[in-house]
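Source file: entry_8.tsv; contents: TSV, C-alpha atoms and all ligand atoms.
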```tsv
chain	number	residue	atom	x	y	z
O	10	MET	CA	-55.38	33.91	34.34
O	11	GLU	CA	-53.26	31.69	32.10
O	12	PRO	CA	-50.52	33.62	30.28
O	13	SER	CA	-51.15	34.13	26.57
O	14	LEU	CA	-48.78	32.77	23.94
O	15	GLU	CA	-47.40	36.30	23.45
O	16	GLN	CA	-46.71	36.62	27.18
O	17	LEU	CA	-44.99	33.25	27.24
O	18	LEU	CA	-42.84	34.18	24.27
O	19	HIS	CA	-41.88	37.44	25.93
O	20	ALA	CA	-40.95	35.64	29.18
O	21	ALA	CA	-38.91	33.04	27.30
O	22	ALA	CA	-37.03	35.70	25.33
O	23	GLU	CA	-36.27	37.64	28.52
O	24	ALA	CA	-35.03	34.54	30.33
O	25	PHE	CA	-32.87	33.64	27.34
O	26	ALA	CA	-31.32	37.12	27.19
O	27	ASP	CA	-30.61	37.07	30.95
O	28	ARG	CA	-28.84	33.75	30.77
O	29	PHE	CA	-27.05	33.91	27.45
O	30	GLY	CA	-26.36	37.66	27.27
O	31	ARG	CA	-28.00	38.18	23.86
O	32	PRO	CA	-31.56	37.99	22.53
O	33	PRO	CA	-32.81	34.76	20.91
O	34	ARG	CA	-33.23	34.73	17.11
O	35	TYR	CA	-35.59	31.79	16.63
O	36	ALA	CA	-38.80	30.83	18.42
O	37	ALA	CA	-41.60	28.31	18.09
O	38	ALA	CA	-44.53	26.98	20.12
O	39	ALA	CA	-46.67	23.85	20.19
O	40	PRO	CA	-49.89	23.17	22.10
O	41	GLY	CA	-50.73	20.44	24.61
O	42	ARG	CA	-53.86	18.42	23.98
O	43	VAL	CA	-56.83	16.91	25.70
O	44	ASN	CA	-58.29	13.73	24.28
O	45	LEU	CA	-62.10	13.81	24.29
O	46	ILE	CA	-62.40	10.09	23.50
O	47	GLY	CA	-60.46	7.29	21.78
O	48	GLU	CA	-58.00	6.22	24.48
O	49	HIS	CA	-55.31	3.58	24.00
O	50	THR	CA	-56.51	3.22	20.42
O	51	ASP	CA	-53.79	5.18	18.57
O	52	TYR	CA	-51.14	2.46	18.85
O	53	ASN	CA	-53.75	-0.04	17.67
O	54	ASP	CA	-54.16	1.84	14.36
O	55	GLY	CA	-57.51	3.13	15.65
O	56	TYR	CA	-59.47	6.38	15.99
O	57	VAL	CA	-58.95	9.26	18.42
O	58	LEU	CA	-60.81	12.54	19.01
O	59	PRO	CA	-58.43	15.00	20.69
O	60	MET	CA	-58.28	18.78	20.61
O	61	ALA	CA	-55.21	20.95	21.07
O	62	VAL	CA	-55.52	23.22	24.11
O	63	ASP	CA	-54.33	26.74	24.85
O	64	ARG	CA	-51.45	25.51	27.00
O	65	TRP	CA	-48.12	25.77	25.21
O	66	ALA	CA	-44.53	24.65	25.09
O	67	VAL	CA	-42.41	27.58	23.88
O	68	VAL	CA	-38.78	27.32	22.74
O	69	VAL	CA	-36.46	30.18	21.86
O	70	ALA	CA	-32.92	29.76	20.56
O	71	ASP	CA	-29.88	31.23	18.90
O	72	ARG	CA	-26.89	29.65	17.20
O	73	ALA	CA	-24.03	28.77	19.55
O	74	ALA	CA	-20.37	28.17	18.78
O	75	ALA	CA	-18.81	25.08	20.32
O	76	SER	CA	-21.67	23.23	22.04
O	77	SER	CA	-25.41	23.49	22.74
O	78	THR	CA	-26.90	24.51	26.08
O	79	LEU	CA	-30.48	23.28	26.46
O	80	TRP	CA	-32.23	24.98	29.37
O	81	ALA	CA	-35.66	24.19	30.83
O	82	VAL	CA	-36.42	27.55	32.44
O	83	ASP	CA	-39.28	26.40	34.70
O	84	LEU	CA	-37.40	23.36	36.00
O	85	ASP	CA	-34.10	25.25	35.99
O	86	GLU	CA	-32.44	22.20	34.49
O	87	CYS	CA	-29.68	22.37	31.93
O	88	VAL	CA	-28.19	19.90	29.47
O	89	THR	CA	-25.03	20.51	27.44
O	90	ALA	CA	-24.55	18.59	24.20
O	91	ASP	CA	-23.00	18.76	20.77
O	92	LEU	CA	-25.96	18.86	18.38
O	93	THR	CA	-23.65	18.67	15.35
O	94	ALA	CA	-22.59	15.14	16.37
O	95	THR	CA	-25.01	12.20	16.58
O	96	PRO	CA	-26.56	12.65	20.04
O	97	SER	CA	-27.38	9.73	22.29
O	98	PRO	CA	-29.99	9.60	25.06
O	99	ILE	CA	-28.91	10.84	28.48
O	100	PRO	CA	-29.65	8.36	31.30
O	101	ALA	CA	-32.58	9.81	33.32
O	102	GLY	CA	-32.28	12.78	30.98
O	103	GLY	CA	-35.79	14.23	31.43
O	104	PHE	CA	-36.67	17.09	29.10
O	105	GLY	CA	-33.21	17.05	27.46
O	106	ASN	CA	-33.94	13.74	25.79
O	107	TYR	CA	-36.99	15.17	24.02
O	108	LEU	CA	-34.85	17.89	22.43
O	109	LEU	CA	-31.92	15.60	21.65
O	110	GLY	CA	-34.27	12.98	20.19
O	111	VAL	CA	-35.81	15.55	17.86
O	112	ALA	CA	-32.38	16.80	16.78
O	113	ASP	CA	-31.38	13.20	16.11
O	114	GLN	CA	-34.46	12.58	13.94
O	115	LEU	CA	-34.19	15.83	11.98
O	116	ALA	CA	-30.47	15.33	11.34
O	117	ALA	CA	-31.51	13.16	8.40
O	118	ALA	CA	-33.12	16.27	6.83
O	119	GLY	CA	-30.18	18.66	7.26
O	120	ALA	CA	-27.12	19.50	9.38
O	121	ILE	CA	-28.21	20.59	12.88
O	122	PRO	CA	-26.20	23.57	14.19
O	123	ASN	CA	-25.26	24.02	17.82
O	124	LEU	CA	-27.85	26.14	19.61
O	125	ASP	CA	-28.49	27.79	22.93
O	126	VAL	CA	-32.09	26.96	23.77
O	127	ALA	CA	-34.53	28.11	26.46
O	128	LEU	CA	-37.75	26.14	26.96
O	129	THR	CA	-40.76	27.26	28.95
O	130	GLY	CA	-44.48	26.64	28.89
O	131	THR	CA	-47.81	26.00	30.51
O	132	VAL	CA	-48.53	22.37	29.64
O	133	PRO	CA	-48.45	20.68	33.04
O	134	ILE	CA	-45.98	17.78	33.20
O	135	GLY	CA	-47.42	14.31	33.76
O	136	ALA	CA	-51.01	15.58	33.80
O	137	GLY	CA	-52.10	13.60	30.73
O	138	LEU	CA	-52.01	16.68	28.47
O	139	ALA	CA	-49.10	15.57	26.28
O	140	SER	CA	-46.39	17.89	27.57
O	141	SER	CA	-43.57	15.82	26.04
O	142	ALA	CA	-45.13	15.91	22.56
O	143	ALA	CA	-45.59	19.68	22.87
O	144	ILE	CA	-41.88	20.08	23.68
O	145	GLU	CA	-40.82	17.81	20.81
O	146	VAL	CA	-43.09	19.42	18.24
O	147	ALA	CA	-42.14	22.94	19.34
O	148	PHE	CA	-38.42	22.17	18.94
O	149	ALA	CA	-38.95	20.41	15.61
O	150	THR	CA	-40.95	23.43	14.42
O	151	LEU	CA	-38.08	25.73	15.44
O	152	LEU	CA	-35.47	23.55	13.72
O	153	GLN	CA	-37.24	23.09	10.36
O	154	PRO	CA	-36.61	26.60	8.93
O	155	LEU	CA	-33.02	26.47	10.18
O	156	LEU	CA	-32.50	23.32	8.15
O	157	GLY	CA	-34.48	24.67	5.20
O	158	VAL	CA	-36.98	21.79	5.34
O	159	ASP	CA	-40.72	21.49	5.77
O	160	LEU	CA	-41.72	17.90	6.41
O	161	GLY	CA	-45.42	18.72	6.62
O	162	PRO	CA	-47.59	18.09	9.69
O	163	SER	CA	-47.86	14.30	9.54
O	164	GLU	CA	-44.19	13.56	8.77
O	165	LEU	CA	-43.09	16.01	11.45
O	166	ALA	CA	-45.38	14.29	13.96
O	167	LEU	CA	-43.97	10.87	13.02
O	168	ALA	CA	-40.40	12.15	13.44
O	169	CYS	CA	-41.27	13.41	16.94
O	170	GLN	CA	-42.91	10.09	17.80
O	171	ARG	CA	-39.73	8.27	16.75
O	172	ALA	CA	-37.71	10.70	18.87
O	173	GLU	CA	-39.80	9.74	21.89
O	174	HIS	CA	-39.46	6.01	21.17
O	175	VAL	CA	-35.69	6.19	20.84
O	176	PHE	CA	-34.71	8.90	23.36
O	177	ALA	CA	-37.42	8.67	26.02
O	178	ALA	CA	-37.90	4.89	25.76
O	179	THR	CA	-41.67	5.39	25.63
O	180	PRO	CA	-43.54	3.32	23.04
O	181	CYS	CA	-46.20	6.04	22.62
O	182	GLY	CA	-48.68	6.29	19.78
O	183	VAL	CA	-48.83	9.23	17.38
O	184	MET	CA	-51.98	11.00	18.61
O	185	ASP	CA	-50.26	13.67	20.70
O	186	MET	CA	-47.84	14.80	18.00
O	187	LEU	CA	-50.46	14.73	15.24
O	188	THR	CA	-52.75	16.85	17.40
O	189	ALA	CA	-50.02	19.45	17.92
O	190	THR	CA	-49.14	19.66	14.22
O	191	HIS	CA	-52.67	19.46	12.72
O	192	ALA	CA	-54.62	21.42	15.35
O	193	ARG	CA	-57.26	23.90	14.31
O	194	ALA	CA	-58.53	26.62	16.69
O	195	GLY	CA	-62.08	25.98	17.85
O	196	HIS	CA	-62.01	22.38	16.61
O	197	ALA	CA	-61.45	18.84	17.82
O	198	LEU	CA	-59.76	16.42	15.39
O	199	LEU	CA	-61.04	13.00	14.40
O	200	ILE	CA	-57.81	11.19	13.53
O	201	ASP	CA	-57.55	7.82	11.85
O	202	CYS	CA	-54.21	6.65	13.25
O	203	ARG	CA	-53.80	4.14	10.44
O	204	SER	CA	-54.21	6.41	7.40
O	205	LEU	CA	-53.28	9.55	9.43
O	206	ARG	CA	-56.34	11.22	7.93
O	207	VAL	CA	-57.44	14.15	10.09
O	208	ARG	CA	-60.96	15.58	10.09
O	209	PRO	CA	-61.49	18.78	12.10
O	210	ILE	CA	-64.87	18.95	13.85
O	211	ALA	CA	-66.06	22.27	15.31
O	212	MET	CA	-66.39	22.36	19.10
O	213	PRO	CA	-69.54	24.04	20.44
O	214	PRO	CA	-68.93	27.78	21.10
O	215	ALA	CA	-66.88	28.23	24.30
O	216	GLU	CA	-69.48	30.72	25.62
O	217	ARG	CA	-71.97	27.86	25.67
O	218	ILE	CA	-69.95	24.71	26.46
O	219	ALA	CA	-66.77	24.67	28.53
O	220	THR	CA	-64.02	22.05	28.39
O	221	LEU	CA	-62.83	21.52	31.92
O	222	ILE	CA	-59.59	19.78	32.91
O	223	VAL	CA	-59.58	18.25	36.37
O	224	ASP	CA	-55.97	17.51	37.30
O	225	THR	CA	-55.90	14.95	40.11
O	226	GLY	CA	-52.29	15.81	40.91
O	227	VAL	CA	-51.44	12.09	40.75
O	228	ARG	CA	-48.39	11.88	38.49
O	229	HIS	CA	-47.64	9.12	36.06
O	230	ASP	CA	-44.51	8.46	34.13
O	231	LEU	CA	-45.19	6.82	30.78
O	232	ALA	CA	-41.78	5.21	30.87
O	233	ASP	CA	-42.53	3.40	34.12
O	234	GLY	CA	-44.01	0.30	32.57
O	235	GLY	CA	-47.82	0.42	32.83
O	236	TYR	CA	-48.23	1.93	29.39
O	237	ALA	CA	-45.85	-0.50	27.70
O	238	GLU	CA	-47.65	-3.34	29.47
O	239	CYS	CA	-50.94	-2.18	27.96
O	240	ARG	CA	-49.41	-2.08	24.51
O	241	ARG	CA	-48.10	-5.59	24.96
O	242	ARG	CA	-51.55	-6.86	25.94
O	243	CYS	CA	-53.05	-5.26	22.83
O	244	ASP	CA	-50.31	-6.72	20.61
O	245	ASP	CA	-50.86	-10.17	22.16
O	246	ALA	CA	-54.60	-9.82	21.55
O	247	ALA	CA	-54.10	-8.89	17.89
O	248	ARG	CA	-51.71	-11.79	17.41
O	249	GLY	CA	-54.14	-14.16	19.14
O	250	LEU	CA	-56.86	-13.04	16.73
O	251	GLY	CA	-54.56	-13.56	13.75
O	252	LEU	CA	-54.48	-9.82	12.96
O	253	GLY	CA	-51.77	-7.25	12.43
O	254	SER	CA	-53.59	-4.80	14.70
O	255	LEU	CA	-56.77	-4.58	16.79
O	256	ARG	CA	-58.14	-2.01	14.35
O	257	ASP	CA	-59.33	-4.93	12.23
O	258	ALA	CA	-60.96	-6.84	15.12
O	259	ASP	CA	-64.68	-6.92	15.86
O	260	LEU	CA	-66.81	-8.38	18.63
O	261	GLY	CA	-67.80	-11.38	16.48
O	262	LEU	CA	-64.17	-12.35	15.95
O	263	LEU	CA	-63.48	-11.87	19.66
O	264	ALA	CA	-66.47	-14.02	20.65
O	265	GLY	CA	-65.16	-16.92	18.56
O	266	SER	CA	-61.60	-16.61	19.85
O	267	THR	CA	-59.75	-18.30	22.69
O	268	LEU	CA	-58.38	-15.04	24.14
O	269	GLN	CA	-58.53	-15.01	27.92
O	270	GLY	CA	-58.47	-12.63	30.86
O	271	ARG	CA	-56.75	-9.26	30.58
O	272	VAL	CA	-55.73	-9.81	26.96
O	273	ARG	CA	-59.36	-10.46	26.01
O	274	ASN	CA	-60.45	-7.40	28.00
O	275	ALA	CA	-57.90	-5.22	26.24
O	276	ALA	CA	-59.23	-6.36	22.85
O	277	ARG	CA	-62.81	-5.62	23.92
O	278	HIS	CA	-61.80	-2.16	25.11
O	279	VAL	CA	-60.10	-1.26	21.84
O	280	ILE	CA	-62.87	-2.65	19.61
O	281	CYS	CA	-65.60	-0.78	21.51
O	282	GLU	CA	-63.53	2.39	22.03
O	283	ASN	CA	-62.99	2.69	18.28
O	284	GLU	CA	-66.75	2.42	17.77
O	285	ARG	CA	-67.45	4.93	20.52
O	286	THR	CA	-64.97	7.38	19.02
O	287	LEU	CA	-66.64	7.32	15.61
O	288	LEU	CA	-70.05	7.70	17.24
O	289	ALA	CA	-68.73	10.55	19.41
O	290	ALA	CA	-67.33	12.36	16.38
O	291	GLY	CA	-70.72	12.08	14.68
O	292	ALA	CA	-72.49	13.30	17.82
O	293	LEU	CA	-70.13	16.29	18.14
O	294	ALA	CA	-70.61	17.15	14.46
O	295	THR	CA	-74.41	17.12	14.80
O	296	GLY	CA	-74.50	18.87	18.17
O	297	ASP	CA	-75.86	15.79	19.99
O	298	LEU	CA	-73.99	16.52	23.20
O	299	GLU	CA	-76.05	14.15	25.30
O	300	THR	CA	-74.84	11.18	23.25
O	301	LEU	CA	-71.28	12.51	23.30
O	302	GLY	CA	-71.43	12.78	27.10
O	303	GLU	CA	-72.81	9.28	27.49
O	304	LEU	CA	-70.01	7.89	25.31
O	305	MET	CA	-67.41	9.69	27.45
O	306	PHE	CA	-68.75	8.03	30.62
O	307	LEU	CA	-68.78	4.63	28.89
O	308	SER	CA	-65.20	5.16	27.72
O	309	HIS	CA	-64.10	5.84	31.28
O	310	ALA	CA	-65.81	2.71	32.61
O	311	SER	CA	-64.05	0.63	29.95
O	312	LEU	CA	-60.63	2.15	30.72
O	313	ARG	CA	-61.25	1.48	34.41
O	314	ASP	CA	-62.68	-2.04	34.19
O	315	LEU	CA	-61.28	-3.56	30.99
O	316	LEU	CA	-57.94	-1.89	30.41
O	317	GLU	CA	-57.33	-1.13	34.11
O	318	VAL	CA	-55.47	2.14	33.49
O	319	SER	CA	-57.52	4.39	35.78
O	320	CYS	CA	-56.83	5.07	39.46
O	321	PRO	CA	-59.04	5.88	42.48
O	322	GLU	CA	-58.53	9.66	42.14
O	323	LEU	CA	-59.57	9.66	38.45
O	324	ASP	CA	-62.57	7.45	39.25
O	325	ALA	CA	-63.62	9.75	42.09
O	326	ALA	CA	-63.47	12.83	39.85
O	327	VAL	CA	-65.51	11.13	37.11
O	328	GLU	CA	-68.03	9.93	39.67
O	329	ALA	CA	-68.35	13.42	41.11
O	330	ALA	CA	-68.92	14.72	37.58
O	331	ALA	CA	-71.50	12.00	36.90
O	332	GLY	CA	-73.39	13.18	39.97
O	333	LEU	CA	-73.66	16.64	38.40
O	334	ARG	CA	-75.08	15.50	35.07
O	335	GLY	CA	-78.03	17.03	33.32
O	336	ALA	CA	-79.61	19.93	35.18
O	337	ASP	CA	-76.37	20.53	37.08
O	338	GLY	CA	-74.49	21.17	33.87
O	339	ILE	CA	-72.09	18.27	33.31
O	340	ILE	CA	-72.43	16.68	29.87
O	341	GLY	CA	-69.74	14.02	30.07
O	342	ALA	CA	-66.45	13.21	31.79
O	343	ARG	CA	-63.68	10.67	31.56
O	344	MET	CA	-59.99	10.21	32.25
O	345	THR	CA	-57.85	11.59	29.44
O	346	GLY	CA	-54.43	10.47	28.19
O	347	ALA	CA	-52.56	7.34	29.22
O	348	GLY	CA	-54.08	7.10	32.72
O	349	PHE	CA	-52.41	5.85	35.93
O	350	GLY	CA	-53.03	9.39	37.26
O	351	GLY	CA	-53.21	12.69	35.43
O	352	SER	CA	-56.44	14.40	34.48
O	353	VAL	CA	-60.13	14.02	33.80
O	354	VAL	CA	-61.75	15.95	30.95
O	355	ALA	CA	-65.30	17.14	31.48
O	356	LEU	CA	-67.62	18.92	29.07
O	357	CYS	CA	-70.09	21.18	30.82
O	358	ARG	CA	-72.41	24.10	30.29
O	359	ALA	CA	-70.28	27.22	30.44
O	360	ASP	CA	-72.63	29.16	32.75
O	361	GLY	CA	-72.14	26.51	35.44
O	362	ALA	CA	-68.44	25.83	34.87
O	363	GLU	CA	-67.20	27.79	37.85
O	364	HIS	CA	-69.59	26.15	40.27
O	365	LEU	CA	-68.76	22.74	38.88
O	366	ALA	CA	-65.03	23.40	39.08
O	367	GLY	CA	-65.52	24.36	42.73
O	368	THR	CA	-67.36	21.12	43.49
O	369	LEU	CA	-64.84	18.95	41.66
O	370	ALA	CA	-61.92	20.78	43.23
O	371	ALA	CA	-63.25	20.01	46.71
O	372	GLY	CA	-61.37	16.69	46.60
O	373	GLY	CA	-58.07	18.51	46.04
O	374	ALA	CA	-58.02	18.45	42.23
O	375	LYS	CA	-57.02	21.50	40.20
O	376	CYS	CA	-59.63	22.57	37.64
O	377	SER	CA	-59.09	24.77	34.62
O	378	VAL	CA	-61.08	25.66	31.55
O	379	VAL	CA	-59.23	25.14	28.25
O	380	HIS	CA	-60.03	26.22	24.70
O	381	ALA	CA	-59.38	24.43	21.40
O	382	ALA	CA	-56.14	25.96	20.13
O	383	GLY	CA	-54.37	26.17	16.78
O	384	PRO	CA	-51.29	24.22	15.64
O	385	ALA	CA	-47.57	24.41	16.39
O	386	ARG	CA	-45.94	27.37	14.66
O	387	PRO	CA	-42.72	29.37	14.39
O	388	LEU	CA	-43.06	32.66	16.31
O	389	ASP	CA	-41.88	36.09	15.29
O	390	LEU	CA	-39.49	37.67	17.79
O	391	ALA	CA	-39.53	41.12	16.23
O	401	LIG	C1	-50.36	8.71	25.82
O	401	LIG	C2	-49.64	8.42	24.51
O	401	LIG	C3	-50.61	8.46	23.34
O	401	LIG	C4	-51.83	7.58	23.60
O	401	LIG	C5	-52.41	7.85	24.98
O	401	LIG	C6	-53.50	6.89	25.34
O	401	LIG	O1	-50.83	10.03	25.83
O	401	LIG	O2	-48.62	9.37	24.30
O	401	LIG	O3	-49.95	8.08	22.16
O	401	LIG	O4	-51.51	6.23	23.44
O	401	LIG	O5	-51.43	7.80	26.00
O	401	LIG	O6	-54.60	7.05	24.49
```
Using the file provided, produce a representation of the structure as C-alpha cells.
Ligand code: GLA
Amino acid sequence: MEPSLEQLLHAAAEAFADRFGRPPRYAAAAPGRVNLIGEHTDYNDGYVLPMAVDRWAVVVADRAAASSTLWAVDLDECVTADLTATPSPIPAGGFGNYLLGVADQLAAAGAIPNLDVALTGTVPIGAGLASSAAIEVAFATLLQPLLGVDLGPSELALACQRAEHVFAATPCGVMDMLTATHARAGHALLIDCRSLRVRPIAMPPAERIATLIVDTGVRHDLADGGYAECRRRCDDAARGLGLGSLRDADLGLLAGSTLQGRVRNAARHVICENERTLLAAGALATGDLETLGELMFLSHASLRDLLEVSCPELDAAVEAAAGLRGADGIIGARMTGAGFGGSVVALCRADGAEHLAGTLAAGGAKCSVVHAAGPARPLDLA
C-alpha cells in the first residue's frame, strides 16, 4: 500500500524533529503527474493532457538562524546554504538545486528567510512522473505564505519552470509544474501551453477504469542531453517553416517545406501529437475510451519512430499492453514523460488491472495503479 499524504506528512515531521531537535512549523505537498497524451508538445506551445497522481513530494520546515540546511530524507543527502543571499547552483547539486532555484525565483516576491528543511515523498525519481517539478512546486507552496505572497497557480508554475532552467540546466516545458498547481482530484487536465488555459476533464471512475504505471526501471536524466537535443530539433523545424513555434505548423505547410530527416520528423510528430491530444481530450470527455486508447498507441509509435525518444524497454511494455487489448482489458498504453527510459502509462479495465499488472511485470517492470490527485497545497501540522 502506498502511504497516504497524511502518513507522509507525519513521517516527514518525525524525521525533521529527530534531526533538528524541534518540530517543523511549515509544511506543503505537491503531486507527481502522468501524462496521458501530448508528449514533447509543451515546449512547442502545444497541448498536453496530464493528470496529477497520488504520489507526493512533501516538504516540512522551520526558520533557522545563520544558514539553511536542506535535507532529502530518503536520499539522506544534505545541502547547506544561505537562503537570504542570492543562491547559485551547486555543481552536480541534485535535489538541492531544485530548492535553491525556487528560493532564487521567489526572492523577487519577498525576502527568503533561512530555513531548516526536510523533504520526502513517493514520486519515483527519473521514472517520468515529474519528481523534480513536484519538489519545486511543494517548496514554492511552502514559501509563499512565509513571504506573504500568492502568485496564483500559473505564475507559480512558471517560476518553478524558470528555477529548473536556471538551477538544474534542464530546458523543460511547463506541463509538469502546471499540472501540480492546477490539478483537480478525479480529473485529467487539457492544457494549452501557449495561453496556459487549463480545462479539467473527469477521468472515468477508478472502480471501472484503472490508470496503471509501468516503470521500466530504466533511468533517464533530463539534463543529459537527449531532451535538449529534441528541443533543438523542434526549434530548427519551426525556424525552417518560418514560424515562432511548431504550434502554428500544419501538415500542408510541412509538405511544401524543404525540412529534411530528423528535423522534418520532429515537426510531423508535434503537429500530429497536438491533433491527437485534442481528439483524446474530446474522447475522454465523451467516454469514448476506445478512441482514446487508439490515440495513445499512435502517440507511442510517433515518439518511437519520429521523435526517437523511446527505448527497447518502453517499446516492449507497450507491445505487451497492445497484446492485451480489448477483451483482455487494456484500453491504451504509451510511454509517458520525456522518454529515454522511465514509465509507460496504461489505461485498463479495473477488474483486470491486477492480472494485467502481473503480465506486464513479468519483464521486470514495476506496476502500480495511480489515481487522479488534487493540487499542491500547504499542509496543517497541528
Ligand atoms: C519532461 C518535461 C516536460 C515535457 C515532457 C515531454 O517531463 O519536464 O516539460 O516536455 O518531458 O512531454
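One distance worth recording is that between atom CA of Arg273 of chain O and atom CA of Tyr56 of chain O, which is 19.6 Å.
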With all atoms listed in the file counted, collect every polymer residue having an atom within 6 Å of ligand LIG 401 (chain O); state the result as a PyMOL selection string.
chain O and resi 48-52+139+181-185+346-347
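Checking O:Val88, O:Cys243, O:Leu252, O:Val223 one by one against Asp324 of chain O, counting only C-alpha atoms, you find the shortest gap at O:Val223.
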Could you tell me which of O:Phe148, O:Ile340, O:Gly119, O:Ala178 comes closest to Pro100 of chain O if we count only C-alpha atoms?
O:Ala178
To one decimal in Å, tell me the separation between atom CA of Leu369 of chain O and atom CA of Phe306 of chain O.
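One can read the atom CA of Leu369 of chain O to atom CA of Phe306 of chain O distance as 16.0 Å.
For the set O:Ala385, O:Val132, O:Ala330, O:Leu187, the residue with the smallest atom-to-atom gap to Asp201 of chain O is O:Leu187, counting only C-alpha atoms.
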With 8 Å of padding per side, what axis-aligned box (centre and edge lengths, Å, one decimal) covers all the listed atoms of segment 365-372 of chain O? Give it as JSON.
```
{"center_x": -65.1, "center_y": 20.5, "center_z": 42.8, "size_x": 23.4, "size_y": 23.7, "size_z": 23.8}
```
Between atom CA of Ser311 of chain O and atom CA of Arg242 of chain O, what is the distance, to one decimal in Å?
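Between atom CA of Ser311 of chain O and atom CA of Arg242 of chain O the gap works out to 15.1 Å.
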Exercise: Leu255 of chain O partners within 8 Å, all atoms listed in the file, chain neighbours under 6 positions left out, as a PyMOL selection string
chain O and resi 53-55+243-244+246-247+276+279-280
Once you have the residues from the selection above, write them out as a PDB file, keeping the file's coordinate frame, restricted to C-alpha atoms.
```pdb
ATOM      1  CA  ASN O  53     -53.750  -0.040  17.670  1.00  0.00           C
ATOM      2  CA  ASP O  54     -54.160   1.840  14.360  1.00  0.00           C
ATOM      3  CA  GLY O  55     -57.510   3.130  15.650  1.00  0.00           C
ATOM      4  CA  CYS O 243     -53.050  -5.260  22.830  1.00  0.00           C
ATOM      5  CA  ASP O 244     -50.310  -6.720  20.610  1.00  0.00           C
ATOM      6  CA  ALA O 246     -54.600  -9.820  21.550  1.00  0.00           C
ATOM      7  CA  ALA O 247     -54.100  -8.890  17.890  1.00  0.00           C
ATOM      8  CA  ALA O 276     -59.230  -6.360  22.850  1.00  0.00           C
ATOM      9  CA  VAL O 279     -60.100  -1.260  21.840  1.00  0.00           C
ATOM     10  CA  ILE O 280     -62.870  -2.650  19.610  1.00  0.00           C
TER      11      ILE O 280
END
```
If we count all atoms listed in the file, what is near Ala177 of chain O at a cut-off of 8 Å, once residues fewer than 4 positions away on the same chain are taken out, given as JSON, numbers by chain?
{"O": [98, 103, 106, 107, 110, 172, 173, 232]}
Pick out the closest residue to Leu45 of chain O from this set: O:Met305, O:Ile210, O:Leu160, O:Ala192. Count only C-alpha atoms.
O:Met305
